[in-house]
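Containing mmCIF, N, CA and C atoms and all ligand atoms: query20.cif.
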data_target
loop_
_atom_site.label_atom_id
_atom_site.label_comp_id
_atom_site.auth_asym_id
_atom_site.auth_seq_id
_atom_site.Cartn_x
_atom_site.Cartn_y
_atom_site.Cartn_z
N MET A 1 49.66 -75.99 160.96
CA MET A 1 48.90 -74.78 160.67
C MET A 1 47.45 -74.99 161.14
N PRO A 2 46.90 -74.06 161.90
CA PRO A 2 45.50 -74.22 162.36
C PRO A 2 44.52 -74.10 161.20
N SER A 3 43.32 -74.56 161.45
CA SER A 3 42.29 -74.46 160.41
C SER A 3 41.11 -73.67 160.95
N CYS A 4 40.36 -73.08 160.05
CA CYS A 4 39.18 -72.30 160.42
C CYS A 4 38.11 -73.25 160.97
N PRO A 5 37.55 -72.98 162.16
CA PRO A 5 36.55 -73.88 162.71
C PRO A 5 35.26 -73.92 161.89
N LYS A 6 35.05 -72.92 161.04
CA LYS A 6 33.80 -72.86 160.27
C LYS A 6 33.94 -73.55 158.90
N CYS A 7 34.95 -73.13 158.12
CA CYS A 7 35.08 -73.68 156.76
C CYS A 7 36.18 -74.73 156.65
N LYS A 8 36.94 -74.93 157.73
CA LYS A 8 37.98 -75.97 157.81
C LYS A 8 39.18 -75.71 156.88
N GLN A 9 39.29 -74.53 156.32
CA GLN A 9 40.44 -74.22 155.47
C GLN A 9 41.65 -73.89 156.36
N PRO A 10 42.85 -74.23 155.93
CA PRO A 10 44.04 -73.87 156.74
C PRO A 10 44.22 -72.36 156.75
N VAL A 11 44.49 -71.83 157.93
CA VAL A 11 44.66 -70.37 158.07
C VAL A 11 45.93 -70.09 158.87
N ASP A 12 46.46 -68.91 158.70
CA ASP A 12 47.64 -68.49 159.44
C ASP A 12 47.29 -68.38 160.93
N SER A 13 48.24 -68.78 161.80
CA SER A 13 47.95 -68.75 163.24
C SER A 13 47.74 -67.33 163.76
N GLN A 14 48.22 -66.31 163.04
CA GLN A 14 48.05 -64.92 163.47
C GLN A 14 46.87 -64.24 162.78
N ALA A 15 46.15 -64.96 161.91
CA ALA A 15 45.05 -64.34 161.16
C ALA A 15 43.93 -63.92 162.11
N VAL A 16 43.43 -62.72 161.93
CA VAL A 16 42.35 -62.20 162.76
C VAL A 16 40.99 -62.70 162.26
N THR A 17 40.86 -62.80 160.94
CA THR A 17 39.64 -63.37 160.34
C THR A 17 40.05 -64.39 159.29
N CYS A 18 39.15 -65.30 159.00
CA CYS A 18 39.42 -66.32 157.99
C CYS A 18 39.39 -65.65 156.61
N PRO A 19 40.44 -65.84 155.80
CA PRO A 19 40.44 -65.22 154.47
C PRO A 19 39.46 -65.87 153.51
N TYR A 20 38.91 -67.04 153.85
CA TYR A 20 37.99 -67.74 152.95
C TYR A 20 36.52 -67.43 153.27
N CYS A 21 36.16 -67.44 154.57
CA CYS A 21 34.74 -67.25 154.91
C CYS A 21 34.52 -66.03 155.81
N ASN A 22 35.57 -65.30 156.12
CA ASN A 22 35.49 -64.09 156.94
C ASN A 22 35.07 -64.36 158.39
N ASN A 23 35.17 -65.61 158.82
CA ASN A 23 34.85 -65.96 160.21
C ASN A 23 35.89 -65.34 161.14
N PRO A 24 35.48 -64.64 162.23
CA PRO A 24 36.49 -64.10 163.15
C PRO A 24 37.25 -65.22 163.85
N LEU A 25 38.58 -65.11 163.85
CA LEU A 25 39.42 -66.14 164.47
C LEU A 25 40.07 -65.64 165.75
N LYS A 26 40.10 -64.32 165.95
CA LYS A 26 40.67 -63.72 167.17
C LYS A 26 39.64 -62.76 167.75
N ALA A 27 39.72 -62.59 169.09
CA ALA A 27 38.76 -61.72 169.76
C ALA A 27 39.19 -60.26 169.64
N PHE A 28 38.22 -59.39 169.52
CA PHE A 28 38.42 -57.93 169.50
C PHE A 28 39.39 -57.50 168.39
N GLY A 29 39.55 -58.32 167.35
CA GLY A 29 40.41 -57.96 166.23
C GLY A 29 41.89 -57.93 166.58
N HIS A 30 42.25 -58.55 167.70
CA HIS A 30 43.65 -58.53 168.15
C HIS A 30 44.26 -59.92 167.97
N PRO A 31 45.39 -60.02 167.24
CA PRO A 31 45.96 -61.35 166.99
C PRO A 31 46.44 -62.06 168.25
N GLY A 32 46.60 -61.34 169.37
CA GLY A 32 47.08 -61.96 170.60
C GLY A 32 45.97 -62.50 171.49
N ILE A 33 44.71 -62.30 171.13
CA ILE A 33 43.59 -62.76 171.97
C ILE A 33 42.86 -63.88 171.25
N PRO A 34 43.07 -65.14 171.70
CA PRO A 34 42.42 -66.26 171.02
C PRO A 34 40.91 -66.25 171.21
N LEU A 35 40.21 -66.68 170.18
CA LEU A 35 38.75 -66.81 170.23
C LEU A 35 38.43 -68.27 169.96
N TYR A 36 38.03 -68.98 171.01
CA TYR A 36 37.72 -70.40 170.87
C TYR A 36 36.31 -70.54 170.32
N GLN A 37 36.14 -71.49 169.40
CA GLN A 37 34.84 -71.68 168.77
C GLN A 37 34.48 -73.16 168.75
N SER A 38 33.21 -73.43 168.93
CA SER A 38 32.76 -74.82 168.89
C SER A 38 32.58 -75.24 167.44
N ALA A 39 32.66 -76.53 167.22
CA ALA A 39 32.46 -77.07 165.88
C ALA A 39 31.05 -77.61 165.76
N GLY A 40 30.43 -77.36 164.64
CA GLY A 40 29.10 -77.90 164.37
C GLY A 40 28.06 -77.39 165.34
N ASP A 41 27.21 -78.30 165.85
CA ASP A 41 26.11 -77.92 166.73
C ASP A 41 26.46 -78.02 168.21
N SER A 42 27.70 -78.31 168.54
CA SER A 42 28.08 -78.49 169.94
C SER A 42 28.31 -77.14 170.61
N TRP A 43 28.35 -77.16 171.95
CA TRP A 43 28.64 -75.96 172.75
C TRP A 43 30.02 -76.09 173.35
N LEU A 44 30.67 -74.97 173.53
CA LEU A 44 31.98 -74.98 174.17
C LEU A 44 31.87 -75.34 175.65
N CYS A 45 30.85 -74.85 176.30
CA CYS A 45 30.72 -74.97 177.76
C CYS A 45 30.69 -76.43 178.22
N ASP A 46 30.18 -77.31 177.37
CA ASP A 46 30.07 -78.72 177.76
C ASP A 46 31.40 -79.31 178.18
N ARG A 47 32.48 -78.82 177.62
CA ARG A 47 33.81 -79.38 177.94
C ARG A 47 34.75 -78.32 178.49
N CYS A 48 34.18 -77.26 179.09
CA CYS A 48 34.99 -76.17 179.64
C CYS A 48 35.19 -76.35 181.15
N THR A 49 36.40 -76.13 181.59
CA THR A 49 36.75 -76.24 183.01
C THR A 49 35.86 -75.34 183.87
N TYR A 50 35.60 -74.13 183.41
CA TYR A 50 34.88 -73.14 184.23
C TYR A 50 33.38 -73.42 184.30
N HIS A 51 32.86 -74.22 183.36
CA HIS A 51 31.48 -74.67 183.46
C HIS A 51 31.39 -75.84 184.44
N LEU A 52 32.35 -76.74 184.33
CA LEU A 52 32.32 -77.94 185.17
C LEU A 52 32.58 -77.62 186.64
N ASP A 53 33.41 -76.58 186.92
CA ASP A 53 33.63 -76.22 188.33
C ASP A 53 32.71 -75.08 188.77
N ASP A 54 31.79 -74.68 187.90
CA ASP A 54 30.74 -73.70 188.21
C ASP A 54 31.31 -72.34 188.63
N THR A 55 32.39 -71.91 187.99
CA THR A 55 32.96 -70.60 188.31
C THR A 55 32.71 -69.57 187.20
N CYS A 56 32.14 -70.00 186.09
CA CYS A 56 31.90 -69.05 184.99
C CYS A 56 30.62 -68.27 185.24
N ASN A 57 30.69 -66.96 185.03
CA ASN A 57 29.47 -66.14 185.14
C ASN A 57 29.20 -65.36 183.86
N PHE A 58 29.74 -65.85 182.74
CA PHE A 58 29.47 -65.22 181.45
C PHE A 58 28.00 -65.46 181.08
N PRO A 59 27.34 -64.45 180.49
CA PRO A 59 25.91 -64.61 180.15
C PRO A 59 25.67 -65.67 179.09
N GLN A 60 26.66 -65.97 178.25
CA GLN A 60 26.43 -66.95 177.18
C GLN A 60 26.51 -68.39 177.68
N ARG A 61 26.93 -68.57 178.91
CA ARG A 61 26.98 -69.91 179.48
C ARG A 61 25.56 -70.43 179.70
N PRO A 62 25.22 -71.66 179.44
CA PRO A 62 26.05 -72.79 179.01
C PRO A 62 25.98 -73.05 177.50
N TYR A 63 25.58 -72.02 176.72
CA TYR A 63 25.41 -72.24 175.28
C TYR A 63 26.39 -71.42 174.46
N ALA A 64 27.61 -71.25 174.95
CA ALA A 64 28.60 -70.47 174.21
C ALA A 64 29.09 -71.25 172.99
N LYS A 65 29.03 -70.59 171.84
CA LYS A 65 29.59 -71.19 170.62
C LYS A 65 30.96 -70.58 170.33
N SER A 66 31.23 -69.41 170.94
CA SER A 66 32.56 -68.82 170.87
C SER A 66 32.84 -68.14 172.20
N CYS A 67 34.08 -68.19 172.63
CA CYS A 67 34.41 -67.64 173.95
C CYS A 67 35.91 -67.38 174.03
N THR A 68 36.30 -66.33 174.70
CA THR A 68 37.73 -66.02 174.86
C THR A 68 38.33 -66.75 176.06
N MET A 69 37.50 -67.18 177.00
CA MET A 69 38.01 -67.76 178.25
C MET A 69 37.95 -69.28 178.30
N PHE A 70 37.46 -69.90 177.23
CA PHE A 70 37.31 -71.36 177.23
C PHE A 70 38.63 -72.05 177.61
N HIS A 71 38.51 -73.07 178.45
CA HIS A 71 39.67 -73.92 178.75
C HIS A 71 39.21 -75.37 178.74
N ASP A 72 39.83 -76.17 177.89
CA ASP A 72 39.47 -77.58 177.75
C ASP A 72 39.67 -78.31 179.08
N ALA A 73 38.60 -78.88 179.61
CA ALA A 73 38.66 -79.54 180.92
C ALA A 73 39.55 -80.78 180.92
N SER A 74 39.83 -81.32 179.74
CA SER A 74 40.68 -82.51 179.70
C SER A 74 42.17 -82.16 179.82
N LEU A 75 42.48 -80.87 179.79
CA LEU A 75 43.87 -80.44 179.91
C LEU A 75 44.11 -79.80 181.27
N PRO A 76 45.31 -79.94 181.86
CA PRO A 76 45.58 -79.29 183.16
C PRO A 76 45.57 -77.77 183.01
N LEU A 77 45.10 -77.08 184.06
CA LEU A 77 45.05 -75.61 184.03
C LEU A 77 46.46 -75.02 183.93
N VAL A 78 47.37 -75.58 184.68
CA VAL A 78 48.75 -75.12 184.67
C VAL A 78 49.61 -76.27 184.19
N ALA A 79 50.42 -76.00 183.17
CA ALA A 79 51.29 -77.05 182.65
C ALA A 79 52.27 -77.49 183.73
N GLU A 80 52.34 -78.81 183.91
CA GLU A 80 53.24 -79.33 184.94
C GLU A 80 54.68 -79.33 184.44
N GLU A 81 55.57 -78.84 185.29
CA GLU A 81 56.99 -78.85 184.96
C GLU A 81 57.65 -80.00 185.69
N PRO A 82 58.63 -80.64 185.06
CA PRO A 82 59.34 -81.69 185.78
C PRO A 82 60.10 -81.09 186.96
N PRO A 83 60.29 -81.87 188.04
CA PRO A 83 61.04 -81.36 189.19
C PRO A 83 62.42 -80.89 188.78
N ALA A 84 62.96 -79.92 189.52
CA ALA A 84 64.25 -79.31 189.17
C ALA A 84 65.36 -80.35 189.09
N ASN A 85 65.26 -81.40 189.92
CA ASN A 85 66.35 -82.38 189.91
C ASN A 85 66.31 -83.27 188.67
N GLN A 86 65.27 -83.15 187.84
CA GLN A 86 65.20 -83.94 186.61
C GLN A 86 65.47 -83.09 185.38
N LEU A 87 65.87 -81.84 185.56
CA LEU A 87 66.08 -80.96 184.42
C LEU A 87 67.52 -80.94 183.93
N GLY A 88 68.43 -81.63 184.57
CA GLY A 88 69.81 -81.66 184.13
C GLY A 88 70.48 -80.31 184.33
N TRP A 89 71.24 -79.89 183.34
CA TRP A 89 72.02 -78.65 183.44
C TRP A 89 71.11 -77.44 183.66
N MET A 90 69.95 -77.40 183.01
CA MET A 90 69.03 -76.26 183.19
C MET A 90 68.55 -76.19 184.64
N GLY A 91 68.31 -77.36 185.24
CA GLY A 91 67.88 -77.38 186.63
C GLY A 91 68.96 -76.85 187.56
N ILE A 92 70.21 -77.22 187.28
CA ILE A 92 71.34 -76.73 188.09
C ILE A 92 71.48 -75.22 187.92
N LYS A 93 71.37 -74.76 186.67
CA LYS A 93 71.48 -73.31 186.40
C LYS A 93 70.37 -72.54 187.13
N ASN A 94 69.15 -73.07 187.06
CA ASN A 94 68.03 -72.40 187.74
C ASN A 94 68.22 -72.39 189.24
N TRP A 95 68.72 -73.52 189.77
CA TRP A 95 68.93 -73.60 191.22
C TRP A 95 70.00 -72.58 191.64
N LEU A 96 71.10 -72.50 190.87
CA LEU A 96 72.15 -71.53 191.20
C LEU A 96 71.62 -70.11 191.11
N TYR A 97 70.76 -69.85 190.10
CA TYR A 97 70.22 -68.49 189.96
C TYR A 97 69.31 -68.14 191.14
N ARG A 98 68.49 -69.10 191.56
CA ARG A 98 67.58 -68.84 192.69
C ARG A 98 68.35 -68.62 193.99
N HIS A 99 69.49 -69.27 194.16
CA HIS A 99 70.27 -69.18 195.39
C HIS A 99 71.55 -68.38 195.16
N ARG A 100 71.50 -67.40 194.27
CA ARG A 100 72.72 -66.67 193.90
C ARG A 100 73.29 -65.87 195.06
N GLY A 101 72.48 -65.41 195.99
CA GLY A 101 72.97 -64.66 197.15
C GLY A 101 73.83 -65.55 198.03
N ILE A 102 73.32 -66.73 198.35
CA ILE A 102 74.06 -67.68 199.19
C ILE A 102 75.32 -68.13 198.46
N MET A 103 75.21 -68.36 197.15
CA MET A 103 76.38 -68.79 196.38
C MET A 103 77.46 -67.71 196.36
N ALA A 104 77.06 -66.44 196.28
CA ALA A 104 78.05 -65.35 196.28
C ALA A 104 78.78 -65.31 197.62
N ILE A 105 78.04 -65.45 198.72
CA ILE A 105 78.66 -65.45 200.05
C ILE A 105 79.59 -66.65 200.19
N ALA A 106 79.17 -67.83 199.73
CA ALA A 106 80.01 -69.02 199.80
C ALA A 106 81.29 -68.84 199.00
N LEU A 107 81.19 -68.21 197.83
CA LEU A 107 82.39 -67.97 197.02
C LEU A 107 83.33 -67.00 197.71
N ILE A 108 82.81 -65.96 198.36
CA ILE A 108 83.65 -65.00 199.08
C ILE A 108 84.37 -65.69 200.24
N ILE A 109 83.65 -66.54 200.99
CA ILE A 109 84.26 -67.28 202.10
C ILE A 109 85.34 -68.23 201.57
N LEU A 110 85.05 -68.93 200.48
CA LEU A 110 86.01 -69.85 199.88
C LEU A 110 87.26 -69.09 199.41
N ALA A 111 87.07 -67.95 198.76
CA ALA A 111 88.21 -67.14 198.29
C ALA A 111 89.03 -66.64 199.47
N SER A 112 88.36 -66.25 200.56
CA SER A 112 89.08 -65.78 201.75
C SER A 112 89.93 -66.89 202.35
N ILE A 113 89.40 -68.09 202.43
CA ILE A 113 90.15 -69.23 202.97
C ILE A 113 91.37 -69.53 202.11
N ILE A 114 91.16 -69.50 200.77
CA ILE A 114 92.28 -69.79 199.85
C ILE A 114 93.37 -68.73 200.00
N ILE A 115 92.99 -67.47 200.12
CA ILE A 115 93.97 -66.37 200.27
C ILE A 115 94.71 -66.51 201.61
N ALA A 116 93.98 -66.90 202.69
CA ALA A 116 94.58 -67.01 204.01
C ALA A 116 95.60 -68.15 204.09
N MET A 117 95.47 -69.18 203.24
CA MET A 117 96.39 -70.32 203.31
C MET A 117 97.73 -70.07 202.65
S1 LIG B 1 34.30 -69.62 180.03
FE1 LIG B 1 33.14 -69.56 178.06
S2 LIG B 1 33.15 -71.68 177.35
FE2 LIG B 1 33.69 -71.71 179.53
S3 LIG B 1 31.74 -72.01 180.63
FE3 LIG B 1 32.09 -69.80 180.49
S4 LIG B 1 31.01 -69.15 178.64
FE4 LIG B 1 31.23 -71.38 178.51
ZN ZN B 2 36.79 -69.98 157.29
#

Take the structure in the file and write it out as structure tokens.
Amino acid sequence: MPSCPKCKQPVDSQAVTCPYCNNPLKAFGHPGIPLYQSAGDSWLCDRCTYHLDDTCNFPQRPYAKSCTMFHDASLPLVAEEPPANQLGWMGIKNWLYRHRGIMAIALIILASIIIAM
């Protein structure tokens, strides 16, 4: 269960505001929009990917204490997926789904050969 960055009390992951200190936990009052907040006297930008690569143009940079676009620079931007050949049955299923057109034609040719024999 996540905790409120301000009062450190445990809060529901869908809570829009903290029920203990009324600190906003989501942006624009929407439970689907995360609002990242710095702890204590630190700034979010110090460890944000978009500050370090100089692509952020938000006016609160570099002293943002809360931000909707924050991304921790120590984490990859896109989660790496294991190669398809290491996924086992799911990898085979995905490969068959991606090549379903070729597989359908191969099955028709195979069925035709079997019928012709
Ligand atoms: S996206 Fe937010 S946290 Fe990141 S550098 Fe810009 S203002 Fe700072
Ligand atoms: Zn709180």

Nearby polymer residues, ligand LIG 1 (chain B), at most 7 Å, only N, CA and C atoms and all ligand atoms, as a ChimeraX atom specification: /A:43-52,55-71

Using only C-alpha atoms and all ligand atoms, determine which residues fall within 10 Å of ligand ZN 2 (chain B), then list them as a ChimeraX atom specification. /A:3-11,17-25

When you draw a straight line from atom N of Ala15 of chain A to atom C of Gly40 of chain A, how long is it in Å?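 If I compute the distance from atom N of Ala15 of chain A to atom C of Gly40 of chain A, I get 22.2 Å.
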
For the helix (DSSP H, G or I) assignment from backbone DSSP, which residues of segment 15-110 of chain A qualify? Please present them as a VMD selection string. chain A and resid 27 to 29 45 to 47 49 to 52 84 to 86 89 to 98 100 to 110

In Å, how far is it from atom N of Pro2 of chain A to atom CA of Ala79 of chain A? 21.4 Å

Picked from chain A by DSSP as strand (DSSP E or B), as a list in words: Ser3, Pro10, Thr17, Pro24, Lys26, Pro34, Tyr36, Gln37, Cys48, Ser66, Cys67 and Asp72 of chain A

Let me have the centre and edge lengths in Å, one decimal, of the box along x, y and z around every listed atom of segment 41-56 of chain A with 4 Å of margin on each side, as lines of an AutoDock Vina configuration file.
center_x = 31.4
center_y = -73.8
center_z = 177.3
size_x = 18.6
size_y = 19.1
size_z = 30.9

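Interatomic distance, atom CA of Leu77 of chain A to atom C of Gln37 of chain A: 18.7 Å.
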